[in-house]
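Novice: Compact mmCIF, C-alpha atoms, file work.txt:
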```txt
# COMPACT_ATOMS: atom_id res chain seq x y z
CA MET A 1 -3.36 35.23 -55.02
CA THR A 2 -3.81 32.10 -52.98
CA VAL A 3 -5.56 32.15 -49.65
CA GLU A 4 -2.90 31.64 -47.07
CA ASP A 5 -3.39 29.50 -44.06
CA PRO A 6 -1.59 31.04 -41.09
CA ARG A 7 -1.23 27.76 -39.23
CA THR A 8 1.48 27.27 -36.72
CA THR A 9 4.04 24.54 -36.64
CA ALA A 10 3.56 23.93 -32.91
CA VAL A 11 -0.19 23.46 -32.87
CA THR A 12 -1.68 22.75 -36.26
CA GLY A 13 -4.22 25.30 -37.28
CA LEU A 14 -4.57 27.08 -33.95
CA GLY A 15 -3.51 30.43 -35.37
CA HIS A 16 -6.04 29.95 -38.16
CA TYR A 17 -8.78 29.23 -35.62
CA VAL A 18 -7.94 32.16 -33.34
CA LEU A 19 -7.88 34.41 -36.40
CA GLY A 20 -11.47 33.35 -37.17
CA LEU A 21 -12.58 34.20 -33.65
CA GLY A 22 -10.86 37.56 -33.90
CA ASP A 23 -12.37 38.31 -37.31
CA ASP A 24 -15.90 37.69 -35.97
CA ALA A 25 -15.30 40.29 -33.27
CA LEU A 26 -13.50 42.73 -35.57
CA VAL A 27 -16.07 42.70 -38.37
CA LEU A 28 -19.07 43.00 -36.03
CA SER A 29 -17.23 45.81 -34.25
CA GLU A 30 -16.83 47.62 -37.59
CA ARG A 31 -20.53 47.28 -38.34
CA CYS A 32 -21.43 48.62 -34.89
CA ALA A 33 -18.96 51.47 -35.30
CA GLU A 34 -20.81 52.59 -38.44
CA LEU A 35 -23.71 53.53 -36.15
CA ILE A 36 -21.66 55.99 -34.11
CA THR A 37 -23.35 59.41 -34.37
CA ARG A 38 -26.10 57.77 -36.44
CA SER A 39 -28.11 55.91 -33.82
CA PRO A 40 -31.73 56.85 -33.21
CA THR A 41 -31.03 58.25 -29.72
CA ILE A 42 -27.91 59.33 -27.85
CA GLU A 43 -28.38 56.48 -25.36
CA GLU A 44 -28.32 53.97 -28.21
CA ASP A 45 -25.34 55.72 -29.69
CA LEU A 46 -23.47 55.16 -26.43
CA ALA A 47 -24.68 51.57 -26.17
CA ILE A 48 -23.67 50.58 -29.68
CA SER A 49 -20.34 52.39 -29.50
CA ASN A 50 -19.59 50.70 -26.15
CA ILE A 51 -20.40 47.34 -27.72
CA ALA A 52 -18.17 48.19 -30.69
CA LEU A 53 -15.34 49.09 -28.31
CA ASP A 54 -15.63 45.85 -26.32
CA LEU A 55 -15.63 43.84 -29.55
CA LEU A 56 -12.63 45.75 -30.85
CA GLY A 57 -10.77 44.99 -27.62
CA GLN A 58 -11.57 41.31 -28.00
CA ALA A 59 -10.49 41.40 -31.65
CA ARG A 60 -7.17 43.04 -30.73
CA GLY A 61 -6.39 40.35 -28.17
CA LEU A 62 -7.36 37.55 -30.52
CA LEU A 63 -5.55 38.92 -33.59
CA ALA A 64 -2.41 39.61 -31.55
CA HIS A 65 -2.55 36.03 -30.27
CA ALA A 66 -3.12 34.68 -33.79
CA GLY A 67 -0.08 36.63 -34.95
CA GLU A 68 2.04 35.18 -32.14
CA LEU A 69 0.87 31.65 -32.95
CA GLU A 70 1.69 32.17 -36.60
CA GLY A 71 5.19 33.21 -35.62
CA ALA A 72 5.84 35.22 -38.77
CA GLY A 73 6.01 38.56 -37.00
CA ARG A 74 2.59 39.85 -38.06
CA SER A 75 1.01 42.21 -35.54
CA GLU A 76 -2.69 42.71 -34.83
CA ASP A 77 -2.57 45.76 -37.15
CA ASP A 78 -0.93 43.77 -39.96
CA LEU A 79 -3.69 41.18 -39.70
CA ALA A 80 -6.50 43.73 -39.53
CA TYR A 81 -5.26 46.13 -42.18
CA LEU A 82 -3.30 44.10 -44.68
CA ARG A 83 -5.34 41.00 -45.44
CA LEU A 84 -7.70 40.63 -48.39
CA ASP A 85 -11.35 39.80 -47.85
CA THR A 86 -10.71 36.22 -48.99
CA GLN A 87 -8.26 35.90 -46.09
CA PHE A 88 -10.82 36.84 -43.45
CA ARG A 89 -12.42 33.97 -41.52
CA ASN A 90 -15.45 35.68 -39.95
CA CYS A 91 -18.99 34.39 -40.36
CA ALA A 92 -21.17 36.16 -42.93
CA LEU A 93 -23.77 37.22 -40.35
CA ALA A 94 -21.19 39.63 -38.89
CA GLU A 95 -20.43 41.28 -42.23
CA VAL A 96 -23.77 41.90 -43.96
CA PRO A 97 -24.83 45.58 -43.88
CA ASN A 98 -26.66 47.06 -40.92
CA GLY A 99 -30.01 47.71 -42.56
CA ASP A 100 -32.56 49.19 -40.16
CA PHE A 101 -32.41 49.37 -36.36
CA ALA A 102 -34.34 46.10 -36.04
CA PHE A 103 -31.64 44.25 -37.98
CA VAL A 104 -28.85 46.04 -36.07
CA MET A 105 -30.20 44.90 -32.72
CA LEU A 106 -31.24 41.44 -33.89
CA ARG A 107 -27.76 40.77 -35.29
CA ILE A 108 -26.07 41.90 -32.07
CA TYR A 109 -28.48 39.69 -30.15
CA LEU A 110 -27.96 36.58 -32.33
CA LEU A 111 -24.19 36.85 -32.31
CA SER A 112 -24.04 37.69 -28.59
CA GLU A 113 -25.90 34.47 -27.75
CA TYR A 114 -23.44 32.66 -30.01
CA PHE A 115 -20.36 34.34 -28.55
CA ILE A 116 -21.57 33.61 -25.02
CA LEU A 117 -21.70 29.86 -25.68
CA ARG A 118 -18.40 29.89 -27.51
CA TYR A 119 -16.48 31.96 -24.95
CA ALA A 120 -17.98 30.06 -22.01
CA ALA A 121 -16.59 26.84 -23.51
CA LEU A 122 -13.28 28.46 -24.50
CA ALA A 123 -12.77 29.84 -20.99
CA ASP A 124 -11.64 26.26 -20.25
CA SER A 125 -9.48 25.99 -23.39
CA ALA A 126 -6.18 24.16 -23.04
CA ASP A 127 -4.57 27.22 -24.65
CA SER A 128 -4.06 29.53 -21.68
CA GLN A 129 -4.08 32.82 -23.61
CA LEU A 130 -7.25 31.84 -25.47
CA SER A 131 -8.79 30.87 -22.15
CA ALA A 132 -7.89 34.25 -20.59
CA ILE A 133 -9.23 36.27 -23.54
CA SER A 134 -12.43 34.21 -23.55
CA ALA A 135 -13.14 34.49 -19.82
CA LYS A 136 -12.88 38.24 -20.10
CA ALA A 137 -14.88 38.50 -23.32
CA LEU A 138 -17.63 36.32 -21.86
CA LYS A 139 -18.51 38.99 -19.32
CA GLU A 140 -18.72 41.63 -22.03
CA VAL A 141 -20.84 39.72 -24.54
CA SER A 142 -23.22 38.68 -21.75
CA TYR A 143 -23.87 42.35 -21.10
CA HIS A 144 -24.37 43.05 -24.82
CA LYS A 145 -26.90 40.27 -25.00
CA LEU A 146 -29.02 41.72 -22.19
CA HIS A 147 -29.29 44.98 -24.05
CA ALA A 148 -29.92 43.60 -27.53
CA ARG A 149 -32.39 40.98 -26.28
CA ASP A 150 -34.44 43.71 -24.59
CA TRP A 151 -34.64 45.51 -27.90
CA VAL A 152 -35.64 42.43 -29.91
CA ILE A 153 -38.53 41.86 -27.50
CA ARG A 154 -39.49 45.52 -27.39
CA LEU A 155 -39.54 45.76 -31.18
CA GLY A 156 -41.39 42.47 -31.61
CA ARG A 157 -44.07 43.53 -29.16
CA GLY A 158 -44.05 47.23 -29.95
CA THR A 159 -46.00 48.81 -32.77
CA ALA A 160 -47.24 47.08 -35.92
CA GLU A 161 -44.38 48.75 -37.80
CA SER A 162 -41.67 47.68 -35.33
CA ALA A 163 -43.00 44.10 -35.29
CA LYS A 164 -43.03 44.00 -39.08
CA ARG A 165 -39.46 45.22 -39.22
CA ALA A 166 -38.27 42.82 -36.52
CA GLN A 167 -39.89 39.94 -38.38
CA ALA A 168 -38.28 41.08 -41.65
CA ALA A 169 -34.90 41.34 -39.90
CA LEU A 170 -35.27 37.74 -38.77
CA ALA A 171 -35.96 36.61 -42.32
CA ASP A 172 -32.89 38.54 -43.51
CA ALA A 173 -30.65 36.98 -40.84
CA GLU A 174 -31.82 33.40 -41.04
CA PRO A 175 -29.84 32.33 -44.13
CA TYR A 176 -26.64 32.93 -42.12
CA PHE A 177 -27.52 30.74 -39.12
CA ASP A 178 -26.26 27.36 -40.41
CA GLU A 179 -22.79 28.71 -41.04
CA LEU A 180 -22.36 29.62 -37.37
CA PHE A 181 -22.39 25.94 -36.48
CA ASP A 182 -20.17 24.59 -39.20
CA ASP A 183 -16.99 22.93 -37.90
CA THR A 184 -15.33 22.42 -41.28
CA TRP A 185 -12.99 25.41 -40.82
CA ILE A 186 -11.63 24.11 -37.50
CA HIS A 187 -8.92 21.48 -37.43
CA PRO A 188 -10.55 18.47 -35.69
CA ASP A 189 -7.43 17.84 -33.57
CA LEU A 190 -7.95 21.22 -31.91
CA ILE A 191 -11.40 20.18 -30.73
CA THR A 192 -10.20 16.76 -29.57
CA ALA A 193 -7.35 18.38 -27.65
CA GLY A 194 -9.74 20.69 -25.79
CA ILE A 195 -8.22 23.80 -27.36
CA ALA A 196 -11.06 24.77 -29.72
CA VAL A 197 -14.77 24.23 -29.26
CA SER A 198 -17.05 22.37 -31.66
CA GLU A 199 -19.49 24.96 -32.95
CA ALA A 200 -21.90 22.27 -34.11
CA ALA A 201 -22.20 21.22 -30.46
CA LEU A 202 -23.40 24.71 -29.51
CA ARG A 203 -26.38 24.74 -31.85
CA ASP A 204 -29.06 23.20 -29.64
CA GLN A 205 -28.35 25.58 -26.77
CA TRP A 206 -28.27 28.55 -29.11
CA GLN A 207 -31.54 27.51 -30.74
CA ALA A 208 -33.19 27.05 -27.34
CA ALA A 209 -32.14 30.53 -26.23
CA LEU A 210 -33.34 32.00 -29.52
CA ASP A 211 -36.70 30.20 -29.36
CA LYS A 212 -37.30 31.56 -25.86
CA THR A 213 -36.50 35.11 -26.95
CA LEU A 214 -38.63 34.90 -30.09
CA SER A 215 -41.53 33.51 -28.11
CA GLU A 216 -41.30 36.46 -25.67
CA ALA A 217 -41.03 38.81 -28.64
CA ASP A 218 -44.01 37.30 -30.52
CA LEU A 219 -41.76 36.67 -33.50
CA GLU A 220 -41.46 33.54 -35.61
CA LEU A 221 -38.56 32.06 -37.51
CA PRO A 222 -39.59 31.86 -41.16
CA GLY A 223 -37.64 28.60 -41.52
CA ALA A 224 -37.70 28.75 -45.28
CA SER A 225 -34.47 30.42 -46.25
CA ARG A 226 -31.69 28.96 -48.34
CA PRO A 227 -28.55 28.74 -46.17
CA PHE A 228 -25.43 30.69 -47.07
CA SER A 229 -22.04 29.09 -46.52
CA GLY A 230 -18.40 29.65 -47.30
CA ALA A 231 -17.41 32.80 -45.39
CA ARG A 232 -15.32 30.80 -42.89
CA HIS A 233 -13.36 29.52 -45.87
CA GLY A 234 -12.90 32.97 -47.38
CA ARG A 235 -15.90 32.96 -49.73
CA HIS A 236 -17.63 36.04 -48.35
CA THR A 237 -20.62 38.08 -49.40
CA GLU A 238 -19.79 41.06 -51.60
CA HIS A 239 -20.24 43.31 -48.55
CA LEU A 240 -17.02 42.39 -46.72
CA GLY A 241 -14.81 43.79 -49.46
CA ASN A 242 -16.55 47.16 -49.24
CA LEU A 243 -16.31 47.19 -45.46
CA LEU A 244 -12.59 46.40 -45.57
CA ALA A 245 -11.94 48.98 -48.27
CA LEU A 246 -13.10 51.61 -45.81
CA THR A 247 -11.34 50.09 -42.79
CA GLN A 248 -8.05 49.59 -44.56
CA SER A 249 -7.84 52.58 -46.89
CA LEU A 250 -5.97 54.87 -44.51
CA HIS A 251 -3.45 52.23 -43.48
CA ARG A 252 -2.85 51.19 -47.08
CA ALA A 253 -2.44 54.81 -48.24
CA HIS A 254 -0.18 55.73 -45.32
CA PRO A 255 1.49 52.54 -44.07
CA GLY A 256 2.25 52.65 -40.36
CA ALA A 257 0.31 55.90 -39.84
CA SER A 258 -0.34 56.73 -36.20
CA TRP A 259 -1.67 59.63 -34.18
CA MET B 1 18.68 52.58 -4.30
CA VAL B 2 14.92 52.78 -4.16
CA ASN B 3 13.34 49.78 -2.46
CA LEU B 4 10.47 47.77 -3.87
CA GLU B 5 7.97 49.07 -1.33
CA ASP B 6 8.61 52.67 -2.43
CA ILE B 7 8.25 51.65 -6.05
CA ARG B 8 5.01 49.88 -5.30
CA THR B 9 3.64 52.88 -3.40
CA ALA B 10 4.52 55.17 -6.30
CA ALA B 11 2.93 52.86 -8.90
CA ALA B 12 -0.16 52.53 -6.70
CA SER B 13 -0.59 56.31 -6.64
CA VAL B 14 -1.14 56.57 -10.42
CA PRO B 15 -4.68 57.85 -11.05
CA ASP B 16 -7.07 56.15 -13.44
CA PRO B 17 -7.29 58.44 -16.52
CA GLU B 18 -11.06 58.06 -16.82
CA ILE B 19 -12.04 58.20 -13.14
CA PRO B 20 -9.12 60.24 -11.75
CA VAL B 21 -10.52 60.18 -8.22
CA LEU B 22 -9.43 56.53 -8.09
CA THR B 23 -5.90 55.23 -8.28
CA ILE B 24 -5.14 52.14 -10.33
CA GLU B 25 -4.74 50.33 -7.03
CA ASP B 26 -8.20 51.40 -5.75
CA LEU B 27 -9.61 50.11 -9.02
CA GLY B 28 -7.86 46.75 -8.84
CA VAL B 29 -6.04 47.41 -12.13
CA LEU B 30 -2.58 47.20 -10.52
CA ARG B 31 -1.83 43.49 -10.04
CA ASP B 32 1.85 43.24 -9.16
CA VAL B 33 5.14 45.10 -8.82
CA ALA B 34 8.35 43.07 -8.81
CA TRP B 35 12.02 43.03 -9.77
CA ASP B 36 12.89 41.17 -12.94
CA ASP B 37 16.06 39.06 -13.38
CA ALA B 38 17.96 41.93 -14.96
CA GLY B 39 17.34 44.31 -12.05
CA GLY B 40 14.53 46.21 -13.77
CA VAL B 41 11.02 46.65 -12.47
CA VAL B 42 8.01 44.81 -13.84
CA VAL B 43 4.60 46.36 -13.19
CA VAL B 44 1.66 44.10 -13.99
CA ILE B 45 -1.72 45.65 -14.81
CA THR B 46 -5.03 44.23 -16.03
CA PRO B 47 -7.65 46.02 -18.17
CA THR B 48 -11.13 46.61 -16.81
CA TYR B 49 -12.68 45.87 -20.23
CA SER B 50 -11.02 44.23 -23.28
CA GLY B 51 -11.31 47.46 -25.23
CA CYS B 52 -10.30 49.78 -22.39
CA PRO B 53 -8.69 52.72 -24.24
CA ALA B 54 -6.86 53.88 -21.11
CA MET B 55 -4.31 51.06 -20.91
CA ALA B 56 -1.63 52.79 -22.98
CA GLU B 57 -2.01 55.96 -20.95
CA ILE B 58 -1.88 54.07 -17.65
CA SER B 59 1.28 52.34 -18.82
CA ASN B 60 2.91 55.68 -19.72
CA ASP B 61 1.77 57.23 -16.44
CA ILE B 62 3.35 54.39 -14.45
CA LYS B 63 6.65 54.83 -16.29
CA SER B 64 6.71 58.58 -15.78
CA THR B 65 5.70 58.33 -12.10
CA LEU B 66 8.44 55.80 -11.42
CA GLY B 67 10.85 57.98 -13.40
CA HIS B 68 10.24 60.77 -10.87
CA ILE B 69 11.61 58.58 -8.07
CA GLY B 70 14.61 57.62 -10.17
CA VAL B 71 13.40 54.27 -11.47
CA HIS B 72 13.82 54.22 -15.24
CA ASP B 73 14.14 50.55 -16.15
CA VAL B 74 10.44 49.74 -16.08
CA ARG B 75 8.44 47.21 -18.05
CA VAL B 76 4.63 47.31 -17.85
CA GLU B 77 2.95 43.99 -18.58
CA THR B 78 -0.74 43.45 -19.22
CA VAL B 79 -2.42 40.26 -18.02
CA LEU B 80 -5.99 39.19 -18.75
CA ALA B 81 -6.46 36.33 -16.29
CA PRO B 82 -8.08 36.32 -13.85
CA ALA B 83 -10.57 38.69 -15.50
CA TRP B 84 -11.02 42.02 -13.71
CA SER B 85 -14.11 42.38 -11.58
CA THR B 86 -15.68 45.36 -9.83
CA ASP B 87 -15.37 43.21 -6.69
CA TRP B 88 -11.69 44.22 -6.79
CA ILE B 89 -12.47 47.90 -6.20
CA SER B 90 -11.22 48.55 -2.67
CA ASP B 91 -13.42 49.80 0.17
CA GLU B 92 -11.47 53.03 0.08
CA GLY B 93 -12.13 53.19 -3.68
CA ARG B 94 -15.86 52.73 -3.12
CA THR B 95 -15.94 55.57 -0.61
CA LYS B 96 -14.00 57.83 -2.99
CA LEU B 97 -16.42 57.03 -5.84
CA SER B 98 -19.42 57.86 -3.72
CA THR B 99 -17.92 61.14 -2.50
CA TYR B 100 -17.07 62.02 -6.10
CA GLY B 101 -20.71 61.52 -7.13
CA ILE B 102 -20.45 58.09 -8.76
CA ALA B 103 -22.50 55.25 -7.31
CA PRO B 104 -20.19 52.30 -6.49
CA PRO B 105 -21.01 48.79 -7.73
CA ALA B 106 -22.81 46.15 -5.70
CA PRO B 107 -21.10 42.75 -5.37
CA THR B 108 -21.28 40.66 -8.56
CA ARG B 109 -23.13 37.39 -9.01
CA ARG B 110 -21.50 34.19 -10.17
CA ASP B 111 -24.16 33.34 -12.72
CA GLY B 112 -23.57 36.26 -15.06
CA PRO B 113 -24.30 39.96 -15.31
CA VAL B 114 -27.16 41.48 -13.37
CA PRO B 115 -29.83 43.12 -15.55
CA LEU B 116 -29.40 46.76 -14.53
CA THR B 117 -33.14 47.31 -14.46
CA LEU B 118 -33.23 44.98 -11.45
CA VAL B 119 -30.37 46.58 -9.53
CA SER B 120 -31.11 48.83 -6.57
CA VAL B 121 -28.69 51.76 -6.49
CA ARG B 122 -28.52 54.62 -4.00
CA CYS B 123 -28.11 58.19 -5.18
CA PRO B 124 -24.59 59.38 -4.28
CA GLN B 125 -25.95 62.91 -3.68
CA CYS B 126 -28.97 62.38 -1.39
CA ASN B 127 -28.69 58.65 -0.58
CA SER B 128 -32.22 57.93 -1.81
CA SER B 129 -32.73 54.42 -3.16
CA ASP B 130 -35.48 55.68 -5.48
CA THR B 131 -33.33 55.85 -8.63
CA LYS B 132 -33.90 54.70 -12.19
CA LEU B 133 -31.75 53.50 -15.03
CA ILE B 134 -31.40 55.95 -17.93
CA THR B 135 -29.01 53.92 -20.04
CA ALA B 136 -27.11 50.69 -19.44
CA PHE B 137 -24.10 52.04 -21.35
CA GLY B 138 -22.63 55.26 -19.99
CA SER B 139 -19.74 57.62 -20.68
CA THR B 140 -17.15 54.88 -20.20
CA ALA B 141 -17.32 51.10 -20.63
CA CYS B 142 -17.58 50.51 -16.88
CA LYS B 143 -20.46 52.88 -16.12
CA ALA B 144 -24.21 53.13 -16.57
CA LEU B 145 -26.22 56.35 -16.26
CA ARG B 146 -29.00 56.72 -13.67
CA LYS B 147 -31.30 59.40 -12.35
CA CYS B 148 -32.48 59.98 -8.78
CA ARG B 149 -36.23 60.41 -8.49
CA SER B 150 -35.85 62.15 -5.12
CA CYS B 151 -33.34 64.90 -5.88
CA GLU B 152 -33.54 64.67 -9.70
CA GLU B 153 -29.76 64.41 -9.99
CA VAL B 154 -28.36 62.39 -12.88
CA PHE B 155 -25.36 60.28 -11.86
CA ASP B 156 -22.92 57.63 -13.09
CA HIS B 157 -23.05 54.12 -11.67
CA VAL B 158 -20.13 51.71 -11.88
CA LYS B 159 -22.00 48.60 -12.99
CA PRO B 160 -21.42 45.36 -11.09
CA TYR B 161 -19.14 43.39 -13.38
```
For this file, write the structure as structure tokens.
Specialist:
Amino acid sequence: MTVEDPRTTAVTGLGHYVLGLGDDALVLSERCAELITRSPTIEEDLAISNIALDLLGQARGLLAHAGELEGAGRSEDDLAYLRLDTQFRNCALAEVPNGDFAFVMLRIYLLSEYFILRYAALADSADSQLSAISAKALKEVSYHKLHARDWVIRLGRGTAESAKRAQAALADAEPYFDELFDDTWIHPDLITAGIAVSEAALRDQWQAALDKTLSEADLELPGASRPFSGARHGRHTEHLGNLLALTQSLHRAHPGASW
Amino acid sequence: MVNLEDIRTAAASVPDPEIPVLTIEDLGVLRDVAWDDAGGVVVVITPTYSGCPAMAEISNDIKSTLGHIGVHDVRVETVLAPAWSTDWISDEGRTKLSTYGIAPPAPTRRDGPVPLTLVSVRCPQCNSSDTKLITAFGSTACKALRKCRSCEEVFDHVKPY
């Protein structure tokens, strides 16, 4: 099956772009949702489930908008439940498994810093719906960052064990950094027109925020990993397929099920 | 025929499903009530958070409340911009929250969310300002959980947002 490109006729590639934004939120939301009833404390359970809910809300808005831009009548549910893994446009950092609590919090932190920069820029997007979704999402991801950043610092400066795990989480996450700032999946006209944001242009700010946090946390970037790429183009890690199998099984077994 | 003011008053009386002491108007969720071109009513609401699970219920409650005053041709629209802020909670809403035992939010800042560890919040039970944050994420998306060191009461706090 070929990978379809849900671009619109009106604005080339905008639906494709918005779908990628929505998939980032959806897939990270799914990973956070896996922690519900499994977090180390009830407070963390509430925190992570609240984060998952915010991300799911963002994903719904973005996927619904992507469906409208595509103009083929696909709803947010059609896009979430009926695409193959090769048709998802999310970054790989959102999809890799949770691992331990250090990785869970570090991932939320890294992606929150990234989402903050992206949504802050998109709040001024020439596409009014994308601008509205982004302005709202910006407030939410800023709050997520505060929480996750606290944890990264607490773990980095906590016990020898927590520091070791936080450092290991950083090494596990680092191969997926480059991909966050790769513009090759975004139609260049969208960036020129002020509709999309160049992700490459966000890297310095993101790196500066990360360096500050790591310095407060007494953690160091290993800087020696081999970068992963391709998820934005549908070449995902083997983990996304498993995640989607779980997410989509009910809808595929009982199409249109509701309760 | 029911006039628009009556329709607006009825829509404004719909309680928030998660904090029923507040109406959707107190909360700033109700944005507009107007006639559409075809003679139906359009009610415009905005979600507090992107993932607010109460929007469908609020929409149904508006339709059923307006149905009780004989208005059946109702369309509920959701808008996202401008993004909802706790600054939109009315003064009356803030008083109701406090009486209900939920600490109302302080005014928001322009430069992003306030770290809740730095926020000073008064206990809605005994009015002491000696309270501490238990968790930044509470029972609903819009609330944090705090504890009063003076009277030991645990209470919800609508976080400035």
Novice: Could you make a table, as a Markdown table, of the residues of chain A that have an atom within 8 Å of an atom of chain B, each with its nearest atom pair and distance in Å to one decimal, counting only C-alpha atoms, in chain and number order?
Specialist:
```
| residue | atom | partner | partner_atom | distance |
| --- | --- | --- | --- | --- |
| A:Glu43 | CA | B:Thr135 | CA | 5.9 |
| A:Leu46 | CA | B:Phe137 | CA | 6.0 |
| A:Ala47 | CA | B:Phe137 | CA | 4.9 |
| A:Asn50 | CA | B:Ala141 | CA | 6.0 |
| A:Leu53 | CA | B:Gly51 | CA | 5.3 |
| A:Asp54 | CA | B:Gly51 | CA | 4.7 |
| A:Leu55 | CA | B:Gly51 | CA | 7.1 |
| A:Leu56 | CA | B:Gly51 | CA | 6.0 |
| A:Gly57 | CA | B:Gly51 | CA | 3.5 |
| A:Gln58 | CA | B:Ser50 | CA | 5.6 |
| A:Gly61 | CA | B:Ser50 | CA | 7.8 |
| A:Ala132 | CA | B:Ala81 | CA | 5.0 |
| A:Ile133 | CA | B:Leu80 | CA | 6.5 |
| A:Ala135 | CA | B:Ala83 | CA | 6.6 |
| A:Lys136 | CA | B:Ala83 | CA | 5.2 |
| A:Ala137 | CA | B:Ser50 | CA | 6.9 |
| A:Lys139 | CA | B:Pro113 | CA | 7.1 |
| A:Glu140 | CA | B:Tyr49 | CA | 7.6 |
| A:Ser142 | CA | B:Pro113 | CA | 6.7 |
| A:Tyr143 | CA | B:Pro113 | CA | 6.3 |
| A:Leu146 | CA | B:Pro115 | CA | 6.8 |
| A:His147 | CA | B:Ala136 | CA | 7.7 |
```
Novice: Could you give me, as a count of residues only, the residues within 8 Å of B:Ala103, counting all atoms listed in the file and dropping anything in the same chain fewer than 5 positions from it?
Specialist: 10
Novice: Considering all atoms listed in the file, return as a PyMOL selection string whatever protein or nucleic-acid residues lie within 9 Å of B:Thr131, sequence-local ones (same chain, fewer than 6 positions apart) excluded.
Specialist: chain B and resi 120-123+146-150+152
Novice: Using all atoms listed in the file, determine which residues lie at most 7 Å from B:Pro160, disregarding the query and same-chain residues fewer than 3 positions distant; provide the list as a VMD selection string.
Specialist: chain B and resid 86 105 to 108
Novice: Calculate how many Å separate atom CA of A:Leu111 from atom CA of A:Leu250, rounding to one decimal.
Specialist: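 That distance, rounded to one decimal, is 28.4 Å.
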Novice: Quick one: distance from atom CA of A:Leu130 to atom CA of B:Arg109 in Å, one decimal?
Specialist: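 Going from atom CA of A:Leu130 over to atom CA of B:Arg109 covers 23.5 Å.
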Novice: Fewer than 5 positions away in the same chain doesn't count, so skip those; otherwise give me all residues within 10 Å of B:Leu66, counting all atoms listed in the file, as a PDB file with C-alpha atoms, keeping the file's coordinate frame.
Specialist:
```
ATOM      1  CA  ASP B   6       8.610  52.670  -2.430  1.00  0.00           C
ATOM      2  CA  ILE B   7       8.250  51.650  -6.050  1.00  0.00           C
ATOM      3  CA  ARG B   8       5.010  49.880  -5.300  1.00  0.00           C
ATOM      4  CA  THR B   9       3.640  52.880  -3.400  1.00  0.00           C
ATOM      5  CA  ALA B  10       4.520  55.170  -6.300  1.00  0.00           C
ATOM      6  CA  ALA B  11       2.930  52.860  -8.900  1.00  0.00           C
ATOM      7  CA  VAL B  14      -1.140  56.570 -10.420  1.00  0.00           C
ATOM      8  CA  VAL B  41      11.020  46.650 -12.470  1.00  0.00           C
ATOM      9  CA  ASN B  60       2.910  55.680 -19.720  1.00  0.00           C
ATOM     10  CA  ASP B  61       1.770  57.230 -16.440  1.00  0.00           C
ATOM     11  CA  VAL B  71      13.400  54.270 -11.470  1.00  0.00           C
ATOM     12  CA  HIS B  72      13.820  54.220 -15.240  1.00  0.00           C
ATOM     13  CA  ASP B  73      14.140  50.550 -16.150  1.00  0.00           C
ATOM     14  CA  VAL B  74      10.440  49.740 -16.080  1.00  0.00           C
TER      15      VAL B  74
END
```
Novice: What does the structure give for the distance between atom CA of A:Ser198 and atom CA of A:Leu244, in Å to one decimal?
Specialist: 28.1 Å
Novice: Would you pick out the contacts of A:Ala126 at 9 Å or less, using only C-alpha atoms, so that residues sharing its chain but fewer than 4 positions from it are not included, and give the list as an NGL selection string?
Specialist: :A and (122 or 130-131 or 193-196)
Novice: Find, counting all atoms listed in the file, the residue in A:Asp23, A:Asp189, A:Asp45, A:Glu30 that gets nearest to A:Thr86.
Specialist: A:Asp23
Novice: Restricting the calculation to all atoms listed in the file: of B:Glu57, B:Glu25, B:Glu77, B:Glu153, which residue gets closest to B:Ser13?
Specialist: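 Closest candidate: B:Glu25.
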Novice: Pick from A:Ala72, A:Ile153, A:Ile108, A:Leu138: nearest to A:Asp124, with all atoms listed in the file counted?
Specialist: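 Among the listed residues, A:Leu138 lies closest to A:Asp124.
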Novice: Taking into account only C-alpha atoms, which residue in the set A:Phe115, A:Trp206, A:Trp185, A:Trp259 is nearest to A:Ser134?
Specialist: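 Result for the nearest residue to A:Ser134: A:Phe115.
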